[in-house]
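One file, run_13.txt, carrying compact mmCIF, C-alpha atoms:
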```txt
# COMPACT_ATOMS: atom_id res chain seq x y z
CA MET A 1 125.36 100.13 81.34
CA CYS A 2 124.78 96.63 82.53
CA LEU A 3 121.28 96.88 83.93
CA GLY A 4 119.15 96.03 80.94
CA ILE A 5 115.88 97.79 80.25
CA PRO A 6 112.65 96.02 79.32
CA GLY A 7 110.68 97.35 76.39
CA ARG A 8 108.01 96.30 73.90
CA ILE A 9 108.86 95.57 70.29
CA VAL A 10 106.72 97.82 68.09
CA ASP A 11 108.12 96.79 64.74
CA VAL A 12 110.63 94.42 63.23
CA ALA A 13 112.71 95.33 60.16
CA GLN A 14 114.11 92.98 57.56
CA GLY A 15 117.85 92.54 57.10
CA ARG A 16 120.96 91.48 58.99
CA PRO A 17 121.48 91.97 61.76
CA ARG A 18 117.80 91.71 62.59
CA MET A 19 116.72 95.12 63.89
CA GLY A 20 113.51 96.50 65.33
CA THR A 21 112.01 99.40 67.23
CA VAL A 22 111.49 98.98 70.95
CA ASP A 23 109.26 101.20 73.09
CA PHE A 24 110.69 101.92 76.57
CA ASP A 25 107.64 103.31 78.28
CA GLY A 26 107.13 105.99 75.63
CA LEU A 27 110.71 106.45 74.47
CA ARG A 28 111.41 104.55 71.26
CA ARG A 29 114.80 103.27 70.24
CA GLU A 30 116.12 101.01 67.54
CA ALA A 31 117.40 97.71 68.92
CA CYS A 32 119.14 94.67 67.52
CA LEU A 33 116.94 91.56 67.74
CA GLU A 34 119.51 89.12 66.38
CA TYR A 35 119.84 87.34 69.75
CA VAL A 36 116.09 86.88 70.21
CA PRO A 37 115.04 85.37 66.87
CA GLU A 38 111.78 84.17 68.40
CA ALA A 39 110.69 87.67 69.49
CA GLU A 40 108.10 89.42 67.36
CA THR A 41 106.13 92.67 67.39
CA GLY A 42 104.26 93.03 70.67
CA ASP A 43 106.71 90.91 72.66
CA TYR A 44 108.63 92.29 75.64
CA VAL A 45 112.42 91.99 75.67
CA ILE A 46 115.24 93.03 77.98
CA VAL A 47 117.56 95.34 76.06
CA HIS A 48 121.22 95.88 76.94
CA VAL A 49 123.14 98.59 75.09
CA GLY A 50 120.78 98.34 72.13
CA PHE A 51 120.61 94.56 71.99
CA ALA A 52 117.68 92.42 73.14
CA ILE A 53 119.10 89.49 75.09
CA SER A 54 116.05 87.86 76.64
CA ARG A 55 112.30 87.72 76.14
CA VAL A 56 110.16 88.41 79.19
CA ASP A 57 106.49 88.74 79.93
CA GLU A 58 104.71 92.06 80.36
CA ALA A 59 104.50 91.80 84.15
CA GLU A 60 108.23 91.15 84.46
CA ALA A 61 108.92 94.10 82.18
CA ALA A 62 106.86 96.40 84.41
CA ARG A 63 108.58 95.20 87.59
CA THR A 64 112.07 95.63 86.18
CA LEU A 65 111.30 99.07 84.77
CA ALA A 66 110.06 100.20 88.18
CA VAL A 67 113.37 99.18 89.76
CA ILE A 68 115.42 100.94 87.10
CA ARG A 69 113.40 104.13 87.50
CA ALA A 70 114.39 104.15 91.17
CA ILE A 71 118.08 104.30 90.28
CA PRO A 72 118.97 107.92 89.52
CA ASP A 73 119.97 108.56 85.90
CA ALA A 74 119.97 104.82 85.15
CA LEU A 75 117.32 105.03 82.44
CA ALA A 76 118.97 108.04 80.76
CA THR A 77 122.40 106.44 81.00
CA GLU A 78 121.20 103.16 79.58
CA LEU A 79 119.50 104.92 76.71
CA GLY A 80 122.59 106.96 75.92
CA THR A 81 121.82 110.47 77.12
CA GLU A 82 124.86 112.69 77.57
CA PRO A 83 126.03 112.84 81.21
CA MET B 1 110.47 97.69 109.04
CA LYS B 2 111.87 100.43 106.88
CA TYR B 3 110.38 100.89 103.41
CA LEU B 4 108.54 97.54 103.49
CA ASP B 5 105.20 99.16 102.75
CA GLU B 6 106.62 100.42 99.46
CA TYR B 7 107.19 96.88 98.23
CA ARG B 8 105.12 95.55 95.39
CA ASP B 9 103.94 92.83 97.74
CA PRO B 10 104.74 93.84 101.32
CA VAL B 11 102.89 90.81 102.72
CA LEU B 12 105.11 88.43 100.78
CA ALA B 13 108.21 90.42 101.76
CA ARG B 14 107.25 90.13 105.44
CA ARG B 15 106.59 86.40 105.06
CA LEU B 16 109.99 85.84 103.44
CA LEU B 17 111.79 87.88 106.10
CA SER B 18 109.95 85.99 108.80
CA GLU B 19 111.05 82.71 107.22
CA LEU B 20 114.60 84.00 107.11
CA GLU B 21 114.40 84.86 110.79
CA SER B 22 113.34 81.32 111.66
CA THR B 23 115.76 79.65 109.22
CA ALA B 24 118.97 81.46 110.14
CA THR B 25 120.64 79.91 113.16
CA ARG B 26 124.17 81.13 112.48
CA PRO B 27 125.85 84.21 110.99
CA TRP B 28 126.23 84.14 107.22
CA THR B 29 127.80 86.59 104.79
CA LEU B 30 126.32 86.94 101.31
CA MET B 31 127.69 88.88 98.37
CA GLU B 32 125.74 90.24 95.41
CA VAL B 33 127.69 90.79 92.20
CA CYS B 34 125.42 93.19 90.32
CA GLY B 35 125.33 96.96 90.58
CA GLY B 36 121.58 97.01 90.04
CA GLN B 37 121.13 94.58 92.93
CA THR B 38 123.39 96.74 95.12
CA HIS B 39 121.17 99.75 94.44
CA THR B 40 118.01 97.85 95.32
CA ILE B 41 119.52 96.41 98.51
CA VAL B 42 120.77 99.77 99.74
CA ARG B 43 117.84 101.91 98.62
CA GLN B 44 115.23 99.57 100.06
CA GLY B 45 117.30 99.01 103.19
CA ILE B 46 117.19 95.24 102.63
CA ASP B 47 120.57 94.85 104.35
CA GLU B 48 119.09 96.57 107.41
CA LEU B 49 116.02 94.32 107.45
CA LEU B 50 117.95 91.07 107.64
CA PRO B 51 118.10 89.08 110.87
CA HIS B 52 121.10 89.72 113.09
CA GLY B 53 124.15 87.93 111.74
CA ILE B 54 123.04 87.81 108.11
CA ARG B 55 125.29 90.30 106.35
CA MET B 56 125.36 91.57 102.77
CA ILE B 57 128.67 92.49 101.17
CA HIS B 58 128.52 94.47 97.96
CA GLY B 59 130.77 92.88 95.37
CA PRO B 60 132.46 94.12 92.21
CA GLY B 61 129.21 94.27 90.24
CA CYS B 62 129.67 97.58 88.46
CA PRO B 63 131.36 97.20 85.07
CA VAL B 64 132.38 100.84 84.90
CA CYS B 65 133.93 100.69 88.36
CA VAL B 66 136.14 97.66 87.72
CA THR B 67 137.56 98.91 84.40
CA PRO B 68 141.27 99.25 85.22
CA LEU B 69 142.82 102.66 85.59
CA GLU B 70 145.42 101.76 82.98
CA MET B 71 142.65 101.17 80.44
CA VAL B 72 140.93 104.46 81.31
CA ASP B 73 144.28 106.23 80.82
CA LYS B 74 144.71 104.43 77.49
CA ALA B 75 141.21 105.53 76.42
CA ILE B 76 142.06 109.13 77.31
CA ALA B 77 145.31 108.96 75.31
CA ILE B 78 143.58 107.54 72.22
CA ALA B 79 140.64 109.95 72.49
CA SER B 80 143.09 112.86 72.61
CA ARG B 81 144.55 112.03 69.19
CA ASP B 82 143.72 114.09 66.13
CA GLY B 83 141.43 112.41 63.66
CA VAL B 84 139.90 110.06 66.23
CA ILE B 85 136.22 109.86 67.10
CA PHE B 86 136.14 108.13 70.47
CA CYS B 87 132.85 106.50 71.44
CA SER B 88 131.78 105.25 74.82
CA TYR B 89 128.78 104.50 76.99
CA GLY B 90 127.83 107.62 78.94
CA ASP B 91 128.94 106.54 82.38
CA MET B 92 132.53 105.92 81.23
CA LEU B 93 133.08 109.60 80.45
CA ARG B 94 133.36 110.71 84.06
CA VAL B 95 135.44 107.82 85.35
CA PRO B 96 138.62 109.38 86.71
CA GLY B 97 141.88 108.26 85.12
CA SER B 98 145.30 109.12 86.54
CA GLY B 99 145.11 112.72 85.35
CA GLY B 100 141.58 113.47 84.18
CA ASP B 101 138.64 111.86 82.45
CA LEU B 102 137.14 111.50 78.97
CA LEU B 103 134.82 114.42 79.64
CA GLY B 104 137.95 116.55 80.08
CA VAL B 105 139.22 115.40 76.69
CA LYS B 106 135.89 116.43 75.19
CA ALA B 107 136.08 119.83 76.91
CA ARG B 108 139.54 120.36 75.39
CA GLY B 109 138.11 119.80 71.90
CA GLY B 110 138.51 116.04 71.56
CA ASP B 111 135.81 114.28 69.57
CA VAL B 112 134.37 112.11 72.35
CA ARG B 113 130.85 110.88 71.78
CA VAL B 114 128.32 109.00 73.88
CA VAL B 115 126.65 106.14 72.09
CA TYR B 116 123.62 104.14 73.16
CA THR B 117 124.79 101.01 71.37
CA PRO B 118 128.08 99.93 69.77
CA LEU B 119 126.22 99.74 66.45
CA ASP B 120 126.03 103.56 66.60
CA ALA B 121 129.84 103.60 66.62
CA VAL B 122 129.86 101.35 63.54
CA SER B 123 127.46 103.78 61.81
CA LEU B 124 129.83 106.65 62.68
CA ALA B 125 132.68 104.76 61.03
CA VAL B 126 130.56 104.32 57.89
CA ALA B 127 129.67 108.02 57.86
CA ASN B 128 133.24 109.22 58.53
CA PRO B 129 135.56 107.20 56.29
CA ASP B 130 138.39 109.74 56.73
CA ARG B 131 138.32 109.45 60.54
CA GLN B 132 139.26 106.63 62.89
CA VAL B 133 136.34 105.57 65.09
CA VAL B 134 137.30 103.86 68.35
CA PHE B 135 134.74 102.24 70.62
CA PHE B 136 135.45 101.56 74.31
CA ALA B 137 134.15 98.00 74.76
CA VAL B 138 133.75 97.54 78.50
CA GLY B 139 131.36 95.58 80.66
CA PHE B 140 130.46 92.10 81.84
CA GLU B 141 128.94 89.22 79.91
CA THR B 142 125.79 91.28 79.38
CA THR B 143 127.41 93.82 77.08
CA ALA B 144 129.83 91.41 75.39
CA PRO B 145 127.26 90.07 72.86
CA ALA B 146 126.49 93.61 71.69
CA ASN B 147 130.14 94.57 71.34
CA ALA B 148 130.89 91.28 69.58
CA MET B 149 128.13 91.93 67.06
CA ALA B 150 129.45 95.44 66.39
CA VAL B 151 132.90 94.02 65.59
CA LYS B 152 131.35 91.39 63.32
CA GLN B 153 129.31 94.06 61.57
CA ALA B 154 132.38 96.28 61.05
CA ALA B 155 134.32 93.30 59.69
CA SER B 156 131.56 92.34 57.29
CA LEU B 157 131.38 95.94 56.04
CA GLY B 158 135.17 95.97 55.58
CA LEU B 159 135.55 99.03 57.81
CA ASP B 160 139.25 99.77 58.23
CA ASN B 161 138.51 102.83 60.34
CA PHE B 162 136.67 101.03 63.16
CA SER B 163 138.42 99.57 66.18
CA VAL B 164 137.56 98.63 69.73
CA LEU B 165 139.43 99.18 72.97
CA VAL B 166 138.41 95.97 74.73
CA SER B 167 138.24 95.73 78.51
CA HIS B 168 135.63 93.07 79.11
CA VAL B 169 135.47 91.25 82.43
CA LEU B 170 133.81 87.99 83.43
CA VAL B 171 131.93 87.26 86.64
CA PRO B 172 132.79 83.59 87.45
CA PRO B 173 136.59 84.16 87.69
CA ALA B 174 135.94 87.16 89.96
CA ILE B 175 133.84 84.98 92.26
CA THR B 176 136.65 82.42 92.35
CA ALA B 177 139.22 85.16 93.12
CA ILE B 178 137.07 86.43 95.99
CA LEU B 179 136.73 82.90 97.39
CA ASP B 180 140.50 82.33 97.07
CA ALA B 181 141.38 85.51 98.96
CA PRO B 182 142.84 84.73 102.40
CA ASP B 183 140.49 87.19 104.11
CA ASN B 184 137.38 85.94 102.32
CA GLU B 185 134.24 85.97 104.46
CA VAL B 186 131.64 85.32 101.76
CA THR B 187 129.60 82.17 102.39
CA ALA B 188 127.12 82.49 99.50
CA PHE B 189 126.66 84.52 96.33
CA LEU B 190 123.72 86.11 94.58
CA ALA B 191 124.58 85.91 90.88
CA ALA B 192 123.48 88.69 88.54
CA GLY B 193 120.25 87.82 86.75
CA HIS B 194 120.97 89.57 83.47
CA VAL B 195 124.52 88.24 83.18
CA CYS B 196 122.97 84.79 83.52
CA ALA B 197 120.30 85.64 80.94
CA VAL B 198 123.19 85.65 78.47
CA MET B 199 125.51 83.01 79.93
CA GLY B 200 123.16 80.73 81.85
CA TRP B 201 124.51 79.29 85.08
CA THR B 202 126.48 76.19 84.08
CA GLN B 203 129.76 78.07 84.68
CA TYR B 204 128.80 78.53 88.32
CA GLU B 205 128.15 74.84 88.99
CA PRO B 206 131.83 73.76 89.31
CA ILE B 207 132.48 76.76 91.60
CA ALA B 208 129.57 75.90 93.90
CA ALA B 209 130.75 72.29 94.07
CA ALA B 210 134.49 72.97 94.52
CA TYR B 211 134.14 75.73 97.12
CA ARG B 212 131.01 74.36 98.79
CA VAL B 213 129.32 77.73 98.29
CA PRO B 214 125.66 78.27 97.36
CA ILE B 215 125.12 80.52 94.33
CA VAL B 216 121.62 81.81 93.64
CA VAL B 217 120.85 83.45 90.30
CA THR B 218 118.77 86.44 91.38
CA GLY B 219 116.79 89.25 89.80
CA PHE B 220 117.00 92.79 91.09
CA GLU B 221 113.54 93.66 92.22
CA PRO B 222 113.32 93.97 96.05
CA LEU B 223 111.32 90.76 96.39
CA ASP B 224 113.74 88.95 94.08
CA LEU B 225 116.62 89.85 96.35
CA ILE B 226 114.90 88.86 99.57
CA GLU B 227 113.86 85.55 98.00
CA GLY B 228 117.42 85.03 96.69
CA ILE B 229 118.79 85.64 100.18
CA VAL B 230 116.27 83.20 101.70
CA MET B 231 117.18 80.54 99.11
CA ALA B 232 120.91 80.99 99.84
CA VAL B 233 120.43 80.84 103.61
CA ARG B 234 118.22 77.74 103.30
CA GLN B 235 121.11 76.06 101.48
CA LEU B 236 123.68 77.20 104.01
CA GLU B 237 121.60 76.00 106.93
CA THR B 238 121.03 72.58 105.41
CA GLY B 239 124.63 72.13 104.25
CA ARG B 240 123.85 72.30 100.55
CA ALA B 241 126.03 74.15 98.03
CA GLU B 242 124.22 74.29 94.69
CA VAL B 243 123.36 76.73 91.97
CA GLU B 244 119.69 77.67 92.18
CA ASN B 245 117.70 80.02 89.99
CA GLN B 246 115.47 82.56 91.67
CA TYR B 247 115.08 84.62 88.46
CA VAL B 248 113.11 82.01 86.53
CA ARG B 249 111.19 84.73 84.69
CA ALA B 250 114.19 85.70 82.54
CA VAL B 251 116.95 83.12 82.92
CA ARG B 252 117.43 79.60 81.57
CA ARG B 253 120.22 77.22 82.58
CA THR B 254 122.08 77.53 79.28
CA GLY B 255 121.36 81.23 78.78
CA ASN B 256 121.15 82.69 75.29
CA SER B 257 123.05 80.34 72.96
CA ARG B 258 123.15 82.76 70.01
CA ALA B 259 124.70 85.47 72.16
CA ARG B 260 127.20 83.03 73.70
CA ASP B 261 128.23 81.73 70.26
CA THR B 262 128.90 85.26 69.00
CA ILE B 263 131.01 86.07 72.08
CA ASP B 264 133.01 82.88 71.50
CA GLU B 265 133.56 83.74 67.85
CA VAL B 266 134.74 87.31 68.33
CA PHE B 267 136.48 87.17 71.70
CA THR B 268 138.92 84.92 73.45
CA LEU B 269 139.82 84.57 77.13
CA THR B 270 142.59 86.72 78.57
CA ASP B 271 143.98 87.67 81.95
CA ARG B 272 142.49 90.96 83.06
CA THR B 273 143.26 93.51 85.76
CA TRP B 274 140.25 94.63 87.77
CA ARG B 275 140.32 98.09 89.27
CA GLY B 276 140.72 97.74 93.02
CA ILE B 277 141.19 93.99 92.87
CA GLY B 278 144.20 93.34 90.66
CA GLU B 279 144.89 90.79 87.97
CA ILE B 280 142.66 87.72 87.75
CA ALA B 281 143.67 84.93 85.39
CA HIS B 282 141.31 84.27 82.46
CA SER B 283 138.87 86.85 83.80
CA GLY B 284 138.50 88.95 80.67
CA LEU B 285 137.91 88.93 76.96
CA ARG B 286 140.06 90.23 74.12
CA LEU B 287 139.55 90.06 70.37
CA SER B 288 140.23 86.66 68.79
CA GLU B 289 142.84 86.41 66.04
CA ALA B 290 140.24 86.61 63.28
CA TYR B 291 139.17 90.07 64.47
CA ARG B 292 142.53 91.41 65.74
CA HIS B 293 142.50 93.88 62.84
CA HIS B 294 139.93 95.86 64.81
CA ASP B 295 141.99 96.06 68.01
CA ALA B 296 142.51 99.70 69.04
CA GLU B 297 145.44 98.77 71.29
CA THR B 298 147.37 97.51 68.26
CA ARG B 299 146.26 100.35 66.01
CA PHE B 300 147.07 103.08 68.53
CA PRO B 301 150.02 101.94 70.61
CA VAL B 302 150.06 103.87 73.87
CA GLU B 303 153.12 103.87 76.04
CA ARG B 304 152.36 102.39 79.40
CA GLU B 305 152.16 105.26 81.81
CA ALA B 306 152.47 105.11 85.55
CA THR B 307 148.92 105.06 86.88
CA ARG B 308 147.94 107.04 89.92
CA GLU B 309 144.86 106.43 92.10
CA SER B 310 143.50 109.02 94.51
CA GLU B 311 145.26 108.72 97.88
CA VAL B 312 142.08 109.32 99.88
CA CYS B 313 139.69 107.10 97.93
CA ILE B 314 139.23 103.53 99.22
CA ALA B 315 137.47 102.32 96.06
CA GLY B 316 139.70 99.23 95.90
CA GLU B 317 138.56 97.99 99.29
CA ILE B 318 134.96 98.81 98.48
CA LEU B 319 135.14 96.83 95.23
CA ARG B 320 136.60 93.87 97.14
CA GLY B 321 133.82 94.13 99.70
CA THR B 322 136.17 94.64 102.65
CA ARG B 323 135.03 98.19 103.46
CA LEU B 324 131.82 100.18 103.07
CA PRO B 325 131.54 103.55 101.29
CA THR B 326 130.66 105.09 104.64
CA ASP B 327 134.11 104.07 105.94
CA CYS B 328 135.75 106.47 103.47
CA LEU B 329 136.84 109.88 104.73
CA ALA B 330 136.00 111.44 101.38
CA TYR B 331 132.50 109.89 101.15
CA GLY B 332 129.84 112.57 100.75
CA THR B 333 132.36 115.39 101.25
CA ALA B 334 135.27 115.44 98.79
CA CYS B 335 133.60 112.65 96.82
CA THR B 336 130.03 112.92 95.56
CA PRO B 337 128.27 111.76 92.38
CA ARG B 338 128.83 115.24 90.91
CA HIS B 339 132.53 115.26 91.83
CA PRO B 340 133.60 111.62 92.16
CA LEU B 341 137.09 110.66 93.30
CA GLY B 342 136.65 107.01 92.50
CA ALA B 343 134.77 104.92 89.99
CA PRO B 344 132.17 103.47 92.45
CA MET B 345 130.82 107.00 92.93
CA VAL B 346 130.66 107.67 89.17
CA SER B 347 128.42 105.04 87.74
CA ALA B 348 124.74 104.62 88.49
CA GLU B 349 125.68 101.02 89.30
CA GLY B 350 128.47 101.86 91.75
CA THR B 351 128.27 100.97 95.44
CA CYS B 352 129.30 104.46 96.62
CA ALA B 353 126.68 106.05 94.35
CA ALA B 354 124.09 103.60 95.72
CA PHE B 355 124.92 104.55 99.31
CA HIS B 356 124.94 108.27 98.51
CA THR B 357 121.62 108.10 96.66
CA ALA B 358 120.05 106.24 99.58
CA GLY B 359 121.30 108.91 101.97
CA ARG B 360 123.46 106.52 103.98
CA GLY B 361 125.52 108.43 106.53
CA ARG B 362 129.06 107.90 107.74
CA GLN B 363 128.04 106.36 111.06
CA ALA B 364 127.58 102.81 109.76
CA THR B 365 130.75 100.77 109.49
CA LEU B 366 131.35 97.19 108.54
CA GLU B 367 132.47 96.34 112.06
CA GLU B 368 129.31 97.75 113.59
CA GLN B 369 126.95 95.65 111.48
```

Just give me the structure as structure tokens.
Amino acid sequence: MCLGIPGRIVDVAQGRPRMGTVDFDGLRREACLEYVPEAETGDYVIVHVGFAISRVDEAEAARTLAVIRAIPDALATELGTEP
Amino acid sequence: MKYLDEYRDPVLARRLLSELESTATRPWTLMEVCGGQTHTIVRQGIDELLPHGIRMIHGPGCPVCVTPLEMVDKAIAIASRDGVIFCSYGDMLRVPGSGGDLLGVKARGGDVRVVYTPLDAVSLAVANPDRQVVFFAVGFETTAPANAMAVKQAASLGLDNFSVLVSHVLVPPAITAILDAPDNEVTAFLAAGHVCAVMGWTQYEPIAAAYRVPIVVTGFEPLDLIEGIVMAVRQLETGRAEVENQYVRAVRRTGNSRARDTIDEVFTLTDRTWRGIGEIAHSGLRLSEAYRHHDAETRFPVEREATRESEVCIAGEILRGTRLPTDCLAYGTACTPRHPLGAPMVSAEGTCAAFHTAGRGRQATLEEQ
């Protein structure tokens, strides 16, 4: 659960904590954006257990996602699929 | 050179390895402390590409694997209670306790649920006011900001039916404990990039200075790791012992200040036992006084039971980096990702799982490398 998955913010909601929807290569999940106040729609962020902790560029997001895909079940585990 | 053609930039990988070959004049032992890095190193055969004498040891970088047996047993006891909804990240469900796992509790009718984020557990507490919702808050500094925010959220909503079973661990004290061990062979560390995205690397600077050990903040793409190894070996060969940042794309020196502030508000330092390693002073987090109301250990007192590890499994030595998974008699036979005996085979981030996934056989041993 510690890997962190990069995704693209597709919308930002109002309210506290600051939430948004993040697209992980087609799979969309709600994520907390409270720790990346500078991140807006269209930005790429690294998401750990539903929380964006760092903003990254698109190229970095693609590289990291490729590594995670190579680890069996990592993507499903990180996104909370039942084992 | 195994797998090199699969690299995003095989030319650069070859150049870096060639530089390493010409830089390294003595044997050096490097340890990575990130399960994702371990997977990349083993899958891509990076450890097998390194010049003779440069050795990678796989450290305690899997948060699921280092969660102490006692805490897993406690989770099982709490999850077995009537009226409790027990929430956890998926990979914790199959971690073996002394006499079973959380998946077993679920099979026996316990309400054990996988959540993607701790905020889902808070939502469950809102939706089930007549039930007690307990969240298993494990992990390194990367997951701590999320779990801290969930506790803050529950407190602000006045949820009396939400509590957390906290078993957070911190990387810098583990590095210090490894360096203090009498049989330590590690001469440089690759620090986990995403842990440092939260915490920055200032905590590593006193360690590098006091122990004269290079620490390189590293990403977990294959090229990141090779570059991190080259940077560490350059330091070793020139007698430097500094903290350097290879993962400049995602990590700043002071990390994420908002996340750090929330961790500091909700948690406080505590001694913590690491599975396979033992107790390390000030190596964990527990709830601070202001949030103690949400502590599951206080709310659901569990008598301390005698814990029992598998007699065959050598997970402890693997987590300390003194043995390889392939040294274990159970590896790949009695112990597989589908039927794990020890935590490092359970989690996607575990060293045994990394070796098994990469198809590593039993023939390789630490001594033979």

**Message:** Need the shell around Ala177 (chain B): protein/DNA/RNA residues with any atom at most 10 Å away, counting only C-alpha atoms. Skip same-chain ones fewer than 3 positions apart. Format as an MDAnalysis selection string?
**Reply:** chainID B and resid 171:174 180:182 184 277:281 283 320

Those same residues - C-alpha atoms - I'd like them written as a PDB file, in the coordinates of the input.
```
ATOM      1  CA  VAL B 171     131.930  87.260  86.640  1.00  0.00           C
ATOM      2  CA  PRO B 172     132.790  83.590  87.450  1.00  0.00           C
ATOM      3  CA  PRO B 173     136.590  84.160  87.690  1.00  0.00           C
ATOM      4  CA  ALA B 174     135.940  87.160  89.960  1.00  0.00           C
ATOM      5  CA  ASP B 180     140.500  82.330  97.070  1.00  0.00           C
ATOM      6  CA  ALA B 181     141.380  85.510  98.960  1.00  0.00           C
ATOM      7  CA  PRO B 182     142.840  84.730 102.400  1.00  0.00           C
ATOM      8  CA  ASN B 184     137.380  85.940 102.320  1.00  0.00           C
ATOM      9  CA  ILE B 277     141.190  93.990  92.870  1.00  0.00           C
ATOM     10  CA  GLY B 278     144.200  93.340  90.660  1.00  0.00           C
ATOM     11  CA  GLU B 279     144.890  90.790  87.970  1.00  0.00           C
ATOM     12  CA  ILE B 280     142.660  87.720  87.750  1.00  0.00           C
ATOM     13  CA  ALA B 281     143.670  84.930  85.390  1.00  0.00           C
ATOM     14  CA  SER B 283     138.870  86.850  83.800  1.00  0.00           C
ATOM     15  CA  ARG B 320     136.600  93.870  97.140  1.00  0.00           C
TER      16      ARG B 320
END
```

**Message:** Within 6 Å of chain A, which residues belong to chain B? Use all atoms listed in the file and report them as a PyMOL selection string.
**Reply:** chain B and resi 90+115-117+146+250+258-259+348

**Prompt:** For Ser22 (chain B), which residue among B:Ala210, B:Gly110, B:Arg234, B:Arg240 is the nearest when counting all atoms listed in the file?
**Reply:**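 Smallest distance to Ser22 (chain B) is found for B:Arg234.
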
Write out as a short mmCIF file (atom, residue, chain, number, x, y, z; two decimals) with C-alpha atoms, in the frame of the given file each polymer residue whose atoms come within 12 Å of Ala209 (chain B), counting only C-alpha atoms; drop sequence neighbours fewer than 2 positions from it.
```cif
data_model
loop_
_atom_site.label_atom_id
_atom_site.label_comp_id
_atom_site.auth_asym_id
_atom_site.auth_seq_id
_atom_site.Cartn_x
_atom_site.Cartn_y
_atom_site.Cartn_z
CA THR B 176 136.65 82.42 92.35
CA THR B 202 126.48 76.19 84.08
CA GLN B 203 129.76 78.07 84.68
CA TYR B 204 128.80 78.53 88.32
CA GLU B 205 128.15 74.84 88.99
CA PRO B 206 131.83 73.76 89.31
CA ILE B 207 132.48 76.76 91.60
CA TYR B 211 134.14 75.73 97.12
CA ARG B 212 131.01 74.36 98.79
CA VAL B 213 129.32 77.73 98.29
CA PRO B 214 125.66 78.27 97.36
CA ILE B 215 125.12 80.52 94.33
CA GLY B 239 124.63 72.13 104.25
CA ARG B 240 123.85 72.30 100.55
CA ALA B 241 126.03 74.15 98.03
CA GLU B 242 124.22 74.29 94.69
CA VAL B 243 123.36 76.73 91.97
#
```

**Request:** Can you work out the spacing between CA of Asp120 (chain B) and CA of Asn161 (chain B) in Å, to one decimal?
**Result:**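 Atom-to-atom, CA of Asp120 (chain B) and CA of Asn161 (chain B) are spaced 14.0 Å apart.
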
**Request:** Identify the residues within 12 Å of coordinate (109.8, 106.6, 72.7) (same frame as the file), considering all atoms listed in the file, and give the answer as number ranges by chain.
**Result:** A: 7-10, 21-30, 79

**Message:** One number please: CA of Val66 (chain B) to CA of Trp274 (chain B), in Å, one decimal.
**Reply:**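 About the pair CA of Val66 (chain B) and CA of Trp274 (chain B): they are 5.1 Å apart.
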